[in-house]
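For reference, entry-v7.txt (compact mmCIF, C-alpha atoms):
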```
# COMPACT_ATOMS: atom_id res chain seq x y z
CA MET H 1 30.72 22.32 -11.55
CA SER H 2 31.23 21.08 -7.95
CA LYS H 3 28.28 21.30 -5.61
CA HIS H 4 30.63 22.27 -2.79
CA ALA H 5 32.76 25.35 -2.31
CA ASN H 6 35.28 22.92 -0.75
CA PRO H 7 36.17 20.12 -3.25
CA ALA H 8 38.14 18.23 -0.58
CA ALA H 9 35.02 17.96 1.58
CA GLU H 10 33.06 16.58 -1.37
CA LYS H 11 35.57 13.69 -1.63
CA LEU H 12 35.02 12.73 2.02
CA GLU H 13 31.21 12.43 1.85
CA PRO H 14 31.07 9.06 -0.02
CA ALA H 15 33.42 7.54 2.59
CA LEU H 16 31.17 8.75 5.43
CA LEU H 17 28.11 7.22 3.73
CA TYR H 18 29.96 3.95 3.14
CA ILE H 19 31.01 3.62 6.79
CA GLY H 20 27.52 4.83 7.80
CA ARG H 21 25.97 1.62 6.47
CA SER H 22 26.48 0.62 10.09
CA PRO H 23 25.55 3.56 12.36
CA LYS H 24 27.51 1.88 15.15
CA ASP H 25 30.72 1.85 13.06
CA LEU H 26 30.22 5.45 11.98
CA SER H 27 29.63 6.47 15.61
CA ALA H 28 32.94 4.83 16.63
CA VAL H 29 34.79 6.57 13.79
CA LEU H 30 33.38 9.97 14.79
CA GLU H 31 34.38 9.44 18.42
CA THR H 32 37.92 8.56 17.33
CA LEU H 33 38.46 11.44 14.87
CA LEU H 34 36.55 14.33 16.46
CA GLY H 35 36.75 13.88 20.23
CA THR H 36 34.14 14.56 22.89
CA GLN H 37 33.99 18.36 22.80
CA ILE H 38 33.49 18.65 19.05
CA LEU H 39 30.95 15.80 19.04
CA VAL H 40 28.86 17.57 21.67
CA GLU H 41 28.77 20.81 19.64
CA MET H 42 27.93 19.09 16.34
CA ALA H 43 25.29 16.90 17.97
CA LYS H 44 23.56 20.05 19.28
CA SER H 45 23.37 21.49 15.76
CA ALA H 46 22.10 18.18 14.31
CA GLY H 47 18.50 18.92 15.28
CA ARG H 48 16.05 16.25 16.40
CA ARG H 49 17.50 12.90 17.43
CA LYS H 50 16.13 9.37 17.20
CA ALA H 51 14.69 7.76 20.28
CA GLY H 52 17.25 5.85 22.30
CA ARG H 53 20.20 7.82 20.92
CA ALA H 54 21.86 9.37 23.97
CA LYS H 55 25.51 9.54 22.94
CA PRO H 56 26.53 12.59 20.83
CA SER H 57 28.39 10.35 18.38
CA GLN H 58 25.21 8.28 17.74
CA ILE H 59 23.10 11.42 17.27
CA LEU H 60 25.61 12.86 14.81
CA ALA H 61 25.95 9.53 12.94
CA ASP H 62 22.17 9.38 12.38
CA ALA H 63 22.21 13.01 11.14
CA ILE H 64 25.05 12.31 8.70
CA ILE H 65 23.23 9.32 7.21
CA SER H 66 19.86 11.05 6.83
CA ARG H 67 20.66 14.74 6.11
CA GLN H 68 22.91 16.26 3.45
CA LYS H 69 23.45 19.46 5.45
CA ASN H 70 24.97 17.66 8.47
CA ARG H 71 26.99 15.37 6.22
CA SER H 72 28.50 18.36 4.42
CA GLN H 73 29.21 20.12 7.74
CA VAL H 74 31.14 17.12 9.12
CA ALA H 75 32.99 16.61 5.81
CA CYS H 76 34.09 20.27 5.74
CA PHE H 77 35.30 20.06 9.34
CA LEU H 78 37.28 16.86 8.63
CA SER H 79 38.85 18.41 5.50
CA GLU H 80 40.22 21.22 7.69
CA LEU H 81 41.11 18.99 10.65
CA LEU H 82 43.01 16.23 8.81
CA PRO H 83 46.50 16.98 7.41
CA SER H 84 47.35 16.71 3.70
CA PRO H 85 47.02 13.24 2.11
CA LEU H 86 50.16 11.09 2.56
CA LYS H 87 51.01 8.06 0.42
CA LEU H 88 53.30 5.51 2.13
CA PRO H 89 54.42 1.97 1.11
CA LYS H 90 51.99 -0.78 2.12
CA SER H 91 54.69 -2.52 4.15
CA LEU H 92 55.13 0.59 6.29
CA VAL H 93 51.38 1.14 6.80
CA ASN H 94 50.19 -2.45 7.33
CA GLY H 95 53.26 -4.01 8.93
CA LYS H 96 54.76 -3.78 12.37
CA HIS H 97 56.50 -0.55 11.41
CA ALA H 98 53.20 1.32 11.59
CA GLN H 99 53.63 1.78 15.34
CA HIS H 100 56.62 4.05 14.65
CA LEU H 101 54.61 6.47 12.47
CA SER H 102 53.72 9.86 13.91
CA ALA H 103 50.10 10.79 14.55
CA GLU H 104 50.17 13.34 11.70
CA ALA H 105 51.52 10.72 9.27
CA LYS H 106 48.79 8.26 10.24
CA LEU H 107 46.10 10.91 9.79
CA GLY H 108 47.58 11.77 6.38
CA VAL H 109 47.32 8.07 5.34
CA ILE H 110 43.72 7.93 6.60
CA ARG H 111 42.80 11.08 4.63
CA LEU H 112 44.30 9.60 1.44
CA GLU H 113 42.19 6.47 1.91
CA LEU H 114 39.00 8.42 2.71
CA GLU H 115 39.39 10.63 -0.41
CA SER H 116 39.80 7.58 -2.65
CA GLU H 117 36.93 6.43 -4.88
CA ASP H 118 36.87 2.69 -4.15
CA GLU H 119 35.30 0.81 -1.28
CA ASP H 120 38.46 -1.15 -0.41
CA SER H 121 40.25 2.08 0.49
CA TRP H 122 37.29 3.21 2.63
CA GLU H 123 37.34 -0.15 4.44
CA ARG H 124 41.09 0.19 5.11
CA ALA H 125 40.53 3.72 6.41
CA HIS H 126 37.84 2.40 8.79
CA LYS H 127 40.20 -0.25 10.16
CA HIS H 128 43.13 2.17 10.51
CA ILE H 129 41.00 4.75 12.37
CA LEU H 130 40.02 2.19 15.00
CA ALA H 131 43.50 0.61 15.16
CA TRP H 132 45.42 3.89 15.51
CA ALA H 133 42.97 5.71 17.80
CA ASP H 134 45.45 5.85 20.70
CA SER H 135 47.98 7.73 18.53
CA TRP H 136 46.08 11.03 18.63
CA HIS H 137 43.60 10.56 21.53
CA PRO H 138 45.62 9.41 24.60
CA ALA H 139 43.54 8.22 27.53
CA GLU H 140 42.32 11.11 29.65
CA PRO H 141 40.03 11.30 32.68
CA PRO H 142 36.47 12.25 31.74
CA PRO H 143 35.98 16.03 32.03
CA SER H 144 33.68 17.46 34.62
CA GLU H 145 30.29 18.86 33.71
CA LYS H 146 31.50 22.46 34.23
CA ALA H 147 34.54 21.86 32.01
CA VAL H 148 32.32 20.41 29.29
CA GLN H 149 30.03 23.44 29.44
CA LYS H 150 33.01 25.81 29.34
CA ASN H 151 34.76 24.05 26.45
CA SER H 152 31.51 23.69 24.46
CA ARG H 153 31.46 27.42 23.80
CA PRO H 154 32.84 28.05 20.30
CA ASP H 155 35.94 30.25 20.12
CA SER H 156 35.03 33.34 18.07
CA LYS H 157 38.59 33.59 16.73
CA GLU H 158 38.50 29.99 15.48
CA VAL H 159 35.07 30.51 13.87
CA ALA H 160 36.32 33.68 12.16
CA GLN H 161 39.45 31.88 10.97
CA VAL H 162 37.40 28.98 9.55
CA LYS H 163 35.13 31.43 7.72
CA LYS H 164 38.17 33.29 6.36
CA LEU H 165 39.73 30.03 5.11
CA LYS H 166 36.46 29.01 3.40
CA LYS H 167 36.26 32.42 1.71
CA GLU H 168 39.86 32.14 0.50
CA ILE H 169 39.17 28.65 -0.88
CA ARG H 170 36.13 29.95 -2.81
CA ASN H 171 38.17 32.88 -4.18
CA LEU H 172 40.95 30.53 -5.29
CA GLY H 173 38.43 28.31 -7.06
CA GLN H 174 37.02 31.32 -8.90
CA ARG H 175 40.52 32.48 -9.90
CA ILE H 176 41.38 29.00 -11.19
CA ALA H 177 38.20 28.91 -13.30
CA ALA H 178 38.96 32.39 -14.71
CA SER H 179 42.56 31.37 -15.51
CA GLU H 180 41.38 28.24 -17.32
CA LYS H 181 38.94 30.33 -19.36
CA GLU H 182 41.67 32.84 -20.24
CA ASN H 183 44.03 29.99 -21.20
CA VAL H 184 41.42 28.57 -23.62
CA ARG H 185 40.93 32.00 -25.19
CA LEU H 186 44.68 32.51 -25.67
CA GLN H 187 45.04 29.03 -27.16
CA ASP H 188 42.33 29.91 -29.71
CA GLN H 189 44.08 33.19 -30.55
CA LEU H 190 47.44 31.44 -30.94
CA GLY H 191 45.84 28.87 -33.25
CA SER H 192 44.41 31.61 -35.49
CA GLU H 193 47.83 33.31 -35.70
CA ARG H 194 49.48 30.03 -36.64
CA SER H 195 46.86 29.53 -39.34
CA ARG H 196 47.60 33.00 -40.72
CA ARG H 197 51.33 32.29 -40.73
CA SER H 198 50.68 29.09 -42.69
CA GLN H 199 48.60 31.11 -45.17
CA LEU H 200 51.49 33.58 -45.63
CA LYS H 201 53.83 30.68 -46.42
CA GLU H 202 51.42 29.49 -49.11
CA GLU H 203 51.29 32.98 -50.63
CA ILE H 204 55.10 33.09 -50.76
CA ASN H 205 55.19 29.74 -52.55
CA GLU H 206 52.60 30.99 -55.05
CA LEU H 207 54.64 34.13 -55.75
CA LYS H 208 57.77 32.05 -56.29
CA SER H 209 55.84 29.81 -58.68
CA GLU H 210 54.62 32.86 -60.64
CA ARG H 211 58.17 34.19 -60.86
CA ASP H 212 59.44 30.84 -62.20
CA ASP H 213 56.63 30.81 -64.79
CA ALA H 214 57.60 34.32 -65.89
CA ILE H 215 61.22 33.24 -66.33
CA GLN H 216 60.13 30.25 -68.40
CA ARG H 217 57.94 32.43 -70.63
CA ALA H 218 60.82 34.82 -71.14
CA SER H 219 63.06 31.94 -72.18
CA LYS H 220 60.50 30.72 -74.73
CA SER H 221 60.07 34.23 -76.14
CA LYS H 222 63.82 34.54 -76.53
CA LYS H 223 63.98 31.33 -78.55
CA LYS H 224 61.18 32.54 -80.83
CA LEU H 225 62.94 35.83 -81.50
CA LEU H 226 66.17 34.06 -82.43
CA GLY H 227 64.43 32.31 -85.30
CA SER H 228 62.35 35.20 -86.69
CA LEU H 229 64.40 38.43 -86.49
CA SER H 230 67.72 39.62 -87.77
CA ALA H 231 70.65 39.98 -85.44
CA SER H 232 70.15 43.69 -84.70
CA GLU H 233 66.38 43.36 -84.34
CA ARG H 234 66.74 40.34 -82.08
CA GLU H 235 69.25 42.21 -79.96
CA ALA H 236 66.93 45.22 -79.57
CA ALA H 237 63.97 42.96 -78.81
CA LEU H 238 65.99 41.02 -76.29
CA ILE H 239 67.11 44.21 -74.60
CA LEU H 240 63.50 45.35 -74.25
CA GLU H 241 62.39 41.95 -73.07
CA ASN H 242 65.25 41.79 -70.60
CA GLN H 243 64.33 45.21 -69.24
CA LYS H 244 60.70 44.18 -68.87
CA LEU H 245 61.64 40.93 -67.14
CA ALA H 246 64.07 42.74 -64.87
CA HIS H 247 61.31 45.16 -63.95
CA ASP H 248 58.83 42.34 -63.29
CA LEU H 249 61.44 40.41 -61.31
CA GLY H 250 62.17 43.46 -59.18
CA ILE H 251 58.49 43.92 -58.40
CA GLU H 252 58.05 40.24 -57.52
CA SER H 253 61.18 40.32 -55.36
CA GLN H 254 59.82 43.36 -53.51
CA LYS H 255 56.53 41.53 -52.91
CA VAL H 256 58.36 38.48 -51.55
CA GLY H 257 60.50 40.71 -49.35
CA LEU H 258 57.45 42.48 -47.94
CA VAL H 259 55.72 39.18 -47.18
CA LYS H 260 58.85 37.81 -45.47
CA HIS H 261 59.21 41.01 -43.48
CA GLU H 262 55.57 40.81 -42.38
CA ARG H 263 56.04 37.17 -41.40
CA ASP H 264 59.23 37.78 -39.39
CA ASP H 265 57.67 40.86 -37.78
CA LEU H 266 54.58 38.93 -36.67
CA ARG H 267 56.68 35.98 -35.49
CA ALA H 268 58.75 38.28 -33.26
CA CYS H 269 55.55 39.72 -31.76
CA LEU H 270 54.22 36.23 -31.02
CA GLU H 271 57.52 35.16 -29.43
CA ASP H 272 57.45 38.23 -27.16
CA TYR H 273 53.81 37.51 -26.35
CA ASP H 274 54.55 33.86 -25.44
CA HIS H 275 57.53 34.99 -23.35
CA PHE H 276 55.35 37.38 -21.33
CA LEU H 277 52.74 34.68 -20.65
CA HIS H 278 55.39 32.59 -18.84
CA LEU H 279 56.51 35.45 -16.59
CA GLU H 280 55.30 35.38 -13.00
CA GLU H 281 52.36 37.66 -12.40
CA GLU H 282 53.55 40.97 -10.96
CA GLU H 283 51.83 42.39 -7.89
CA VAL H 284 51.90 46.19 -8.25
CA PRO H 285 50.96 48.03 -5.02
CA SER H 286 48.65 51.01 -5.12
CA PHE H 287 50.41 54.35 -5.60
CA ARG H 288 47.78 56.04 -3.45
CA ASP H 289 48.76 54.03 -0.36
CA ARG H 290 52.55 54.46 -0.46
CA PRO H 291 54.86 57.44 -1.11
CA LEU H 292 56.66 57.99 -4.39
CA THR H 293 60.44 57.71 -4.67
CA LYS H 294 62.54 60.85 -4.21
CA PRO H 295 63.12 61.37 -7.99
CA GLU H 296 59.38 60.86 -8.61
CA GLN H 297 58.48 63.38 -5.91
CA ASN H 298 60.79 65.95 -7.51
CA LEU H 299 59.30 65.18 -10.91
CA ALA H 300 55.75 65.51 -9.51
CA ASN H 301 56.63 68.96 -8.07
CA GLU H 302 58.01 70.11 -11.44
CA LEU H 303 54.87 68.86 -13.19
CA ARG H 304 52.68 70.65 -10.67
CA GLN H 305 54.49 73.95 -11.33
CA SER H 306 54.32 73.38 -15.10
CA ASN H 307 50.57 72.60 -14.92
CA LEU H 308 49.92 75.81 -12.98
CA LYS H 309 51.99 77.82 -15.43
CA GLU H 310 50.54 76.31 -18.63
CA GLY H 311 47.00 75.84 -17.32
CA GLY H 312 46.92 72.11 -18.15
CA SER H 313 48.84 68.84 -17.75
CA PHE H 314 50.88 66.81 -20.25
CA ARG H 315 49.05 64.11 -22.23
CA ILE H 316 50.82 60.80 -22.97
CA LEU H 317 49.54 57.99 -25.20
CA VAL H 318 50.74 54.39 -24.53
CA ILE H 319 50.23 51.82 -27.32
CA GLY H 320 51.07 48.14 -27.15
CA GLY H 321 50.61 44.81 -25.42
CA GLY H 322 47.68 42.46 -25.19
CA GLU H 323 45.44 41.05 -22.47
CA PRO H 324 48.31 39.97 -20.12
CA GLN H 325 49.90 43.47 -20.18
CA PHE H 326 46.52 45.22 -19.98
CA ARG H 327 46.04 43.90 -16.42
CA HIS H 328 48.15 46.88 -15.26
CA LEU H 329 45.77 49.48 -16.76
CA ASP H 330 44.37 50.45 -13.34
CA LYS H 331 47.90 50.95 -11.95
CA PHE H 332 48.74 53.10 -14.96
CA LYS H 333 45.72 55.33 -14.26
CA GLU H 334 46.65 55.57 -10.56
CA TYR H 335 50.23 56.48 -11.43
CA SER H 336 49.13 59.24 -13.86
CA GLU H 337 46.81 60.75 -11.23
CA VAL H 338 49.44 60.66 -8.45
CA LEU H 339 52.27 62.00 -10.61
CA GLY H 340 50.15 64.68 -12.34
CA PHE H 341 49.70 63.91 -16.04
CA GLN H 342 46.96 62.61 -18.35
CA GLY H 343 47.42 59.18 -19.91
CA GLU H 344 45.65 56.74 -22.22
CA TRP H 345 46.69 53.12 -22.89
CA ARG H 346 45.52 51.30 -26.03
CA MET H 347 46.23 47.67 -26.92
CA ALA H 348 48.42 46.80 -29.90
CA GLU H 349 46.88 45.98 -33.29
CA TYR H 350 48.90 43.00 -34.55
CA VAL H 351 47.02 42.26 -37.77
CA SER H 352 45.67 45.49 -39.33
CA TRP H 353 48.19 47.92 -37.81
CA ASN H 354 48.13 50.13 -40.94
CA LYS H 355 44.47 51.02 -40.29
CA GLU H 356 45.55 52.73 -37.04
CA MET H 357 48.01 55.14 -38.66
CA SER H 358 45.47 57.82 -39.68
CA ARG H 359 43.97 57.73 -36.22
CA LEU H 360 47.43 57.99 -34.61
CA LYS H 361 48.34 60.91 -36.87
CA GLN H 362 45.22 62.81 -35.77
CA ASN H 363 45.84 61.93 -32.08
CA MET H 364 49.43 63.18 -32.10
CA GLU H 365 48.40 66.37 -33.86
CA ASN H 366 45.49 67.33 -31.56
CA ASP H 367 45.22 65.13 -28.45
CA PHE H 368 48.65 64.06 -27.06
CA ASP H 369 52.08 65.53 -26.34
CA ALA H 370 54.14 62.30 -26.36
CA LEU H 371 53.95 58.64 -27.40
CA VAL H 372 55.21 55.49 -25.58
CA ILE H 373 55.36 52.31 -27.69
CA LEU H 374 55.64 48.91 -25.97
CA HIS H 375 58.28 46.79 -27.70
CA TRP H 376 55.92 44.02 -28.91
CA ASN H 377 54.20 46.30 -31.39
CA ARG H 378 54.88 45.46 -35.03
CA THR H 379 58.22 46.87 -36.22
CA THR H 380 56.55 48.48 -39.22
CA PHE H 381 54.04 50.18 -36.92
CA THR H 382 56.85 51.52 -34.70
CA LYS H 383 58.73 53.03 -37.67
CA ASN H 384 55.65 54.80 -38.97
CA ALA H 385 54.70 56.00 -35.48
CA ARG H 386 58.14 57.59 -34.99
CA SER H 387 57.80 59.32 -38.35
CA ILE H 388 54.41 60.77 -37.33
CA CYS H 389 55.82 62.10 -34.01
CA ASN H 390 58.72 63.73 -35.85
CA SER H 391 56.39 65.39 -38.33
CA LYS H 392 54.18 66.77 -35.53
CA GLY H 393 56.85 69.00 -33.98
CA GLN H 394 59.43 66.36 -32.93
CA LYS H 395 57.20 65.12 -30.11
CA PRO H 396 58.83 62.53 -27.79
CA CYS H 397 58.40 58.94 -28.99
CA ILE H 398 59.95 56.31 -26.66
CA THR H 399 59.98 52.52 -27.00
CA CYS H 400 59.54 50.63 -23.69
CA HIS H 401 60.90 47.07 -23.28
CA TYR H 402 58.01 45.87 -21.09
CA GLU H 403 58.93 43.04 -18.70
CA GLY H 404 56.79 44.45 -15.90
CA PHE H 405 55.12 47.65 -14.73
CA VAL H 406 58.46 48.97 -13.39
CA ASN H 407 59.71 49.31 -17.00
CA LEU H 408 56.67 51.38 -17.99
CA ARG H 409 57.01 53.46 -14.83
CA GLN H 410 60.64 54.37 -15.64
CA THR H 411 59.81 55.08 -19.29
CA LEU H 412 56.99 57.45 -18.31
CA GLN H 413 59.39 59.35 -16.02
CA GLU H 414 61.88 59.77 -18.90
CA CYS H 415 59.10 60.88 -21.23
CA LEU H 416 57.90 63.52 -18.76
CA ARG H 417 61.44 64.83 -18.28
CA GLN H 418 61.78 65.25 -22.04
CA LEU H 419 58.47 67.14 -22.14
CA LEU H 420 59.61 69.44 -19.31
CA ALA H 421 62.86 70.13 -21.14
CA ARG H 422 61.09 71.20 -24.34
CA PRO H 423 60.75 74.98 -24.91
```
Let me see the file written as structure tokens.
Amino acid sequence: MSKHANPAAEKLEPALLYIGRSPKDLSAVLETLLGTQILVEMAKSAGRRKAGRAKPSQILADAIISRQKNRSQVACFLSELLPSPLKLPKSLVNGKHAQHLSAEAKLGVIRLELESEDEDSWERAHKHILAWADSWHPAEPPPSEKAVQKNSRPDSKEVAQVKKLKKEIRNLGQRIAASEKENVRLQDQLGSERSRRSQLKEEINELKSERDDAIQRASKSKKKLLGSLSASEREAALILENQKLAHDLGIESQKVGLVKHERDDLRACLEDYDHFLHLEEEEVPSFRDRPLTKPEQNLANELRQSNLKEGGSFRILVIGGGEPQFRHLDKFKEYSEVLGFQGEWRMAEYVSWNKEMSRLKQNMENDFDALVILHWNRTTFTKNARSICNSKGQKPCITCHYEGFVNLRQTLQECLRQLLARP
């Protein structure tokens, strides 16, 4: 883990130490890059100075070489001051064409060389800083003492902006680390599902092998009967054997069909899951901070009247999705509170979906008035869930094709309208 909240600043510190082998060279570099006003401010915050060091650039150079805190402070300031790294052909940088480069382009080349990890690049950066100094610091008359005192006061807006940028950089670093961790977890989950699919293929092959063995045994039995029984007895025995084999074959075919159906069902769920992971992350605004649409306002008024009349609000159960979809759980709760209904959202069970059926049957009988199923539930689960809703008084059961929270929002509105229309 980086020791800096700003990784770019961490790359600049080795270059400062390399140039600081000669305090005089480092002092010249600081004068060229930072300017008089900034040097004065940083030299004040550098603390005690060595005897004989009168110039601010010399004081700051000594502080950079000897103290980590000052070195980090200067590196952070340079990372914000210099433009993004710029890679140009050597002929354009080192040749006579360099005089035609803009000041920003030259600073971008210098930043690229300072962030490198080899000493040759740091040496080139040192030479370019001194050679191109006139590009961004044109000659100016020395400021008066009053002007220096006035300009040395830090601008509160600039300080606040720098603090805000540092905070945003730290937040982005934390989000990147969390995303990498989530990506590793999803890769592990995908690997386990692929392993299970491979296991299902092996089971199918074993069932086919058992079926072929049964056919071979039946053929051998038929040959034995031909040599030991009379024509009528052999015919009757063959009929019975054929019926038995047909029965066994039907059972084995049903098993193979079920396994194939389970495999295709799970494969479809995984494809939908992979598809959702590549969608851009949806930013859903808070429903408490913005008004509802006109149809939603009308629906909320109808629900309010119904709640007052019935003495309670409608209860909707949402089942489906995984971790990526579950990020919208807070928005779902906000939407249910603003619109005026009770809601619960449970994740989909992709492996042991059949274990959830008894729980769902009890929920739809006692706890909920309607069911919303996200489309990446298992197909077999969806069929059984619809059957349960039909058996519990034809309660609404709607499948939502979830590409974003807008789809769930529209589906919930339709579900509530169906509940209001029921006697």
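If you count only C-alpha atoms and ignore residues fewer than 6 places along the chain from H:Ile65, what sits within 9 Å of it is Leu16, Leu17, Gly20, Arg21, Pro23 and Arg71 of chain H.
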Distance criterion (all atoms listed in the file): nearest to H:Val256 out of H:Ser352, H:Asn366, H:Asn205, H:Ser45: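 That would be H:Asn205, the residue with the smallest distance to H:Val256.
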Which of H:Lys127, H:Ile19, H:Leu60, H:Trp353 sits closest to H:Thr36 [using only C-alpha atoms]: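 Looking at the shortest contact to H:Thr36, the residue is H:Leu60.
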H:Lys355, H:Arg315, H:His97, H:Arg304: which is nearest H:Val338, counting all atoms listed in the file?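 Distance minimum relative to H:Val338 lands on H:Arg304.
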Between H:Gln325, H:Thr382, H:Asn242, H:Asn70, which is the closest to H:Glu403 once you count all atoms listed in the file?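 Between H:Gln325, H:Thr382, H:Asn242, H:Asn70, the residue approaching H:Glu403 most closely is H:Gln325.
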Separation of atom CA of H:Ala160 from atom CA of H:Ile38, in Å and rounded to one decimal: 16.8 Å
Contacts of H:Val318 at 12 Å or less, counting all atoms listed in the file, minus same-chain residues fewer than 3 places along, as a PyMOL selection string? chain H and resi 315+321+325-326+329+332-333+336+342-348+360+363-364+368-375+377+385+396-400+402+408-409+411-412+415
By how many Å are atom CA of H:Glu252 and atom CA of H:Arg211 apart? 6.9 Å
For H:Glu206, find every residue with an atom within 12 Å (counting only C-alpha atoms), except residues of its own chain fewer than 5 positions away, and show them as a list in words.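 Residues meeting the cut-off are Gln199, Leu200, Lys201, Arg211, Asp212, Asp213, Glu252, Lys255, Val256 and Val259 of chain H.
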Print the selection's residues with C-alpha atoms to a file, as a compact mmCIF listing (two decimals), in the frame of the given file.
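Done, and the output landed in result.txt:
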```txt
# COMPACT_ATOMS: atom_id res chain seq x y z
CA GLN H 199 48.60 31.11 -45.17
CA LEU H 200 51.49 33.58 -45.63
CA LYS H 201 53.83 30.68 -46.42
CA ARG H 211 58.17 34.19 -60.86
CA ASP H 212 59.44 30.84 -62.20
CA ASP H 213 56.63 30.81 -64.79
CA GLU H 252 58.05 40.24 -57.52
CA LYS H 255 56.53 41.53 -52.91
CA VAL H 256 58.36 38.48 -51.55
CA VAL H 259 55.72 39.18 -47.18
```
Nearest-residue call for H:Lys244, choices H:Lys181, H:Lys309, H:Ile215, H:Val162, using only C-alpha atoms: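 Nearest to H:Lys244: H:Ile215.
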The residue from H:Arg327, H:Lys395, H:His128, H:Lys164 with the smallest atom-to-atom distance to H:Glu365, counting all atoms listed in the file, is H:Lys395
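Interatomic distance, atom CA of H:Glu104 to atom CA of H:Leu34: 14.5 Å.
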Which neighbours of stretch 10-15 of chain H fall inside 6 Å, counting only C-alpha atoms, when residues of the same chain fewer than 5 positions from it are skipped, and could you give them as a list in words?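 Returned residues: Ala75, Leu114, Glu115 and Trp122 of chain H.
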Could you write stretch 130-135 of chain H as a compact mmCIF listing (two decimals), keeping the file's coordinate frame, with all heavy atoms rebuilt where they are missing?
```
# COMPACT_ATOMS: atom_id res chain seq x y z
N LEU H 130 40.25 2.89 13.73
CA LEU H 130 40.02 2.19 15.00
C LEU H 130 41.32 1.64 15.57
O LEU H 130 41.53 1.63 16.79
CB LEU H 130 39.02 1.04 14.78
CG LEU H 130 37.62 1.47 14.27
CD1 LEU H 130 36.73 0.25 14.11
CD2 LEU H 130 36.98 2.47 15.23
N ALA H 131 42.26 1.20 14.68
CA ALA H 131 43.50 0.61 15.16
C ALA H 131 44.47 1.66 15.71
O ALA H 131 45.23 1.39 16.63
CB ALA H 131 44.17 -0.17 14.03
N TRP H 132 44.45 2.85 15.14
CA TRP H 132 45.42 3.89 15.51
C TRP H 132 44.80 4.95 16.43
O TRP H 132 45.34 6.04 16.58
CB TRP H 132 45.96 4.58 14.27
CG TRP H 132 46.77 3.67 13.39
CD1 TRP H 132 47.36 2.50 13.71
CD2 TRP H 132 47.04 3.87 11.99
NE1 TRP H 132 48.02 1.95 12.64
CE2 TRP H 132 47.83 2.77 11.55
CE3 TRP H 132 46.72 4.85 11.06
CZ2 TRP H 132 48.29 2.64 10.26
CZ3 TRP H 132 47.18 4.71 9.76
CH2 TRP H 132 47.95 3.62 9.36
N ALA H 133 43.67 4.68 17.02
CA ALA H 133 42.97 5.71 17.80
C ALA H 133 43.83 6.26 18.92
O ALA H 133 43.79 7.45 19.24
CB ALA H 133 41.67 5.13 18.36
N ASP H 134 44.65 5.39 19.57
CA ASP H 134 45.45 5.85 20.70
C ASP H 134 46.56 6.80 20.29
O ASP H 134 47.16 7.47 21.14
CB ASP H 134 46.07 4.63 21.43
CG ASP H 134 44.99 3.75 22.05
OD1 ASP H 134 43.89 4.28 22.30
OD2 ASP H 134 45.26 2.56 22.26
N SER H 135 46.86 6.88 18.98
CA SER H 135 47.98 7.73 18.53
C SER H 135 47.68 9.20 18.70
O SER H 135 48.57 10.01 18.95
CB SER H 135 48.30 7.44 17.05
OG SER H 135 48.66 6.09 16.88
```
